[in-house]
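Here the structure is laid out as structure tokens; the discussion comes afterwards.
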Amino acid sequence: MENHVFLHKIEELKTVAKKLFLMHSVIGGEIAERFIKNTFDKFKPFKITDHLSIGSEISKKLPTDEYEFVFSEKYLSGTVYIFFEQDYYNKNQIFVLKDGKYFSKLIEECYGMEYFITDEKNSFLISVNWYTIEIMWQ
């Protein structure tokens, strides 16, 4: 884990992805804003600030402590889109990881984060907070 706290979570993900030789990119601005809004409109997560949560009775729930550093190997494939609470530092930014199955290895090298994950088609939404990983398919 890195010894310092990044204010910009996207920058921390980029730094660690480079270190691990993972293909990645960043989407920003209006394109990211529209994508995030469409994702929230589709899945209607319960909490998009503080402890992020989908809050659906039909979502699969896993304890974060036990699964955060392994869940991507089972639940993610292909390109994934990661974004955060839309505060000042992380607003309208999406970190794109080319091979989602490596996401857990990436996040293991980062300082603690809460985040959302989906794919380009919004076929699922995952929220990860300090306590629970929630996965919802549509």
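Residue numbering restarts at 1 in every chain; chains get A, B, ... in the order shown in the structure tokens, and ligands count up from 1 in that same order.
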
Can you list, as an mmCIF file with N, CA and C atoms, in the first residue's frame, every protein, DNA or RNA residue that comes within 10 Å of Ile36 in chain A when you count only C-alpha atoms, leaving out same-chain residues fewer than 4 positions away?
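File around_37.cif, as written:
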data_model
loop_
_atom_site.group_PDB
_atom_site.id
_atom_site.type_symbol
_atom_site.label_atom_id
_atom_site.label_comp_id
_atom_site.auth_asym_id
_atom_site.auth_seq_id
_atom_site.Cartn_x
_atom_site.Cartn_y
_atom_site.Cartn_z
ATOM 1 N N GLU A 30 -17.502 16.423 -19.897
ATOM 2 C CA GLU A 30 -18.916 16.191 -20.177
ATOM 3 C C GLU A 30 -19.233 14.731 -20.476
ATOM 4 N N ILE A 31 -18.314 14.040 -21.133
ATOM 5 C CA ILE A 31 -18.546 12.623 -21.440
ATOM 6 C C ILE A 31 -18.654 11.824 -20.143
ATOM 7 N N ALA A 32 -17.730 12.054 -19.218
ATOM 8 C CA ALA A 32 -17.764 11.365 -17.927
ATOM 9 C C ALA A 32 -19.001 11.776 -17.125
ATOM 10 N N PHE A 40 -26.179 6.399 -12.629
ATOM 11 C CA PHE A 40 -26.991 6.653 -11.441
ATOM 12 C C PHE A 40 -28.484 6.612 -11.767
ATOM 13 N N ASP A 41 -28.872 7.140 -12.914
ATOM 14 C CA ASP A 41 -30.285 7.114 -13.318
ATOM 15 C C ASP A 41 -30.775 5.677 -13.517
ATOM 16 N N LYS A 42 -29.936 4.831 -14.064
ATOM 17 C CA LYS A 42 -30.328 3.452 -14.340
ATOM 18 C C LYS A 42 -30.440 2.618 -13.061
ATOM 19 N N TYR A 81 -15.182 0.542 -15.751
ATOM 20 C CA TYR A 81 -15.184 1.976 -15.495
ATOM 21 C C TYR A 81 -15.325 2.184 -13.991
ATOM 22 N N ILE A 82 -14.388 2.898 -13.392
ATOM 23 C CA ILE A 82 -14.381 3.135 -11.955
ATOM 24 C C ILE A 82 -14.549 4.629 -11.724
ATOM 25 N N PHE A 83 -15.465 4.983 -10.829
ATOM 26 C CA PHE A 83 -15.624 6.389 -10.467
ATOM 27 C C PHE A 83 -16.013 6.489 -9.004
ATOM 28 N N PHE A 84 -15.961 7.703 -8.507
ATOM 29 C CA PHE A 84 -16.077 7.957 -7.087
ATOM 30 C C PHE A 84 -17.224 8.913 -6.797
ATOM 31 N N GLN A 86 -18.961 12.167 -6.412
ATOM 32 C CA GLN A 86 -18.731 13.276 -7.335
ATOM 33 C C GLN A 86 -18.477 14.583 -6.586
ATOM 34 N N LYS A 91 -14.854 14.807 -9.386
ATOM 35 C CA LYS A 91 -16.029 15.087 -10.217
ATOM 36 C C LYS A 91 -15.722 14.889 -11.696
ATOM 37 N N ASN A 92 -16.663 14.223 -12.377
ATOM 38 C CA ASN A 92 -16.603 14.039 -13.828
ATOM 39 C C ASN A 92 -15.309 13.388 -14.299
ATOM 40 N N GLN A 93 -14.889 12.361 -13.576
ATOM 41 C CA GLN A 93 -13.708 11.592 -13.954
ATOM 42 C C GLN A 93 -13.999 10.108 -13.807
ATOM 43 N N ILE A 94 -13.590 9.353 -14.806
ATOM 44 C CA ILE A 94 -13.750 7.901 -14.779
ATOM 45 C C ILE A 94 -12.396 7.285 -15.089
ATOM 46 N N PHE A 116 -17.460 3.178 -7.221
ATOM 47 C CA PHE A 116 -18.424 2.458 -8.046
ATOM 48 C C PHE A 116 -17.671 1.862 -9.234
ATOM 49 N N THR A 118 -18.584 -0.156 -13.097
ATOM 50 C CA THR A 118 -19.537 -0.645 -14.086
ATOM 51 C C THR A 118 -18.769 -0.948 -15.366
ATOM 52 N N ASN A 122 -23.168 -0.389 -18.934
ATOM 53 C CA ASN A 122 -23.922 -0.320 -17.674
ATOM 54 C C ASN A 122 -24.739 -1.587 -17.441
#

Sel. of alpha helix (DSSP H) residues, chain A, as a VMD selection string
chain A and resid 9 to 19 29 to 43 64 to 67 71 to 75 103 to 108

Selection above as a file: C-alpha atoms, as a short mmCIF file (atom, residue, chain, number, x, y, z; two decimals), in the first residue's frame:
data_model
loop_
_atom_site.label_atom_id
_atom_site.label_comp_id
_atom_site.auth_asym_id
_atom_site.auth_seq_id
_atom_site.Cartn_x
_atom_site.Cartn_y
_atom_site.Cartn_z
CA LYS A 9 -8.09 9.12 -6.40
CA ILE A 10 -7.86 8.95 -10.19
CA GLU A 11 -4.20 10.02 -9.98
CA GLU A 12 -3.49 7.33 -7.42
CA LEU A 13 -5.10 4.67 -9.64
CA LYS A 14 -3.05 5.89 -12.62
CA THR A 15 0.18 5.76 -10.62
CA VAL A 16 -0.45 2.24 -9.36
CA ALA A 17 -1.70 0.99 -12.76
CA LYS A 18 1.56 2.18 -14.34
CA LYS A 19 3.55 0.43 -11.61
CA GLY A 29 -15.46 16.32 -18.62
CA GLU A 30 -18.92 16.19 -20.18
CA ILE A 31 -18.55 12.62 -21.44
CA ALA A 32 -17.76 11.37 -17.93
CA GLU A 33 -20.47 13.54 -16.39
CA ARG A 34 -23.10 12.13 -18.76
CA PHE A 35 -21.94 8.53 -18.27
CA ILE A 36 -22.01 8.79 -14.46
CA LYS A 37 -25.43 10.46 -14.53
CA ASN A 38 -26.79 7.72 -16.82
CA THR A 39 -25.36 5.05 -14.49
CA PHE A 40 -26.99 6.65 -11.44
CA ASP A 41 -30.29 7.11 -13.32
CA LYS A 42 -30.33 3.45 -14.34
CA PHE A 43 -29.37 1.84 -11.00
CA THR A 64 -15.41 -5.74 2.01
CA ASP A 65 -12.73 -6.98 4.44
CA GLU A 66 -12.97 -10.49 3.07
CA TYR A 67 -13.52 -9.84 -0.66
CA PHE A 71 -13.75 -10.05 -6.03
CA SER A 72 -12.67 -8.76 -9.45
CA GLU A 73 -11.25 -12.13 -10.43
CA LYS A 74 -14.74 -13.65 -10.17
CA TYR A 75 -17.08 -10.78 -11.04
CA PHE A 103 -8.90 -4.48 -10.48
CA SER A 104 -8.58 -6.10 -7.04
CA LYS A 105 -4.80 -6.30 -7.45
CA LEU A 106 -4.77 -2.62 -8.41
CA ILE A 107 -6.89 -1.47 -5.48
CA GLU A 108 -4.82 -3.57 -3.07
#

Using only C-alpha atoms, which residue out of A:Leu20, A:Tyr102, A:Ser123, A:Glu85 lies closest to Phe69 in chain A?
A:Tyr102

Could you pull out the residues in chain A that DSSP calls strand (DSSP E or B) from the backbone, as a ChimeraX atom specification?
/A:24-28,47,53,60-63,80-83,93-97,115-118,124-128,132-137

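With CA of Gln138 in chain A on one side and CA of Ser56 in chain A on the other, the separation reads 12.2 Å.
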
Out of A:Lys47, A:Gly78, A:Ile58, A:Asp87, which residue has the shortest atom-to-atom distance to Ser127 in chain A when counting only C-alpha atoms?
A:Lys47
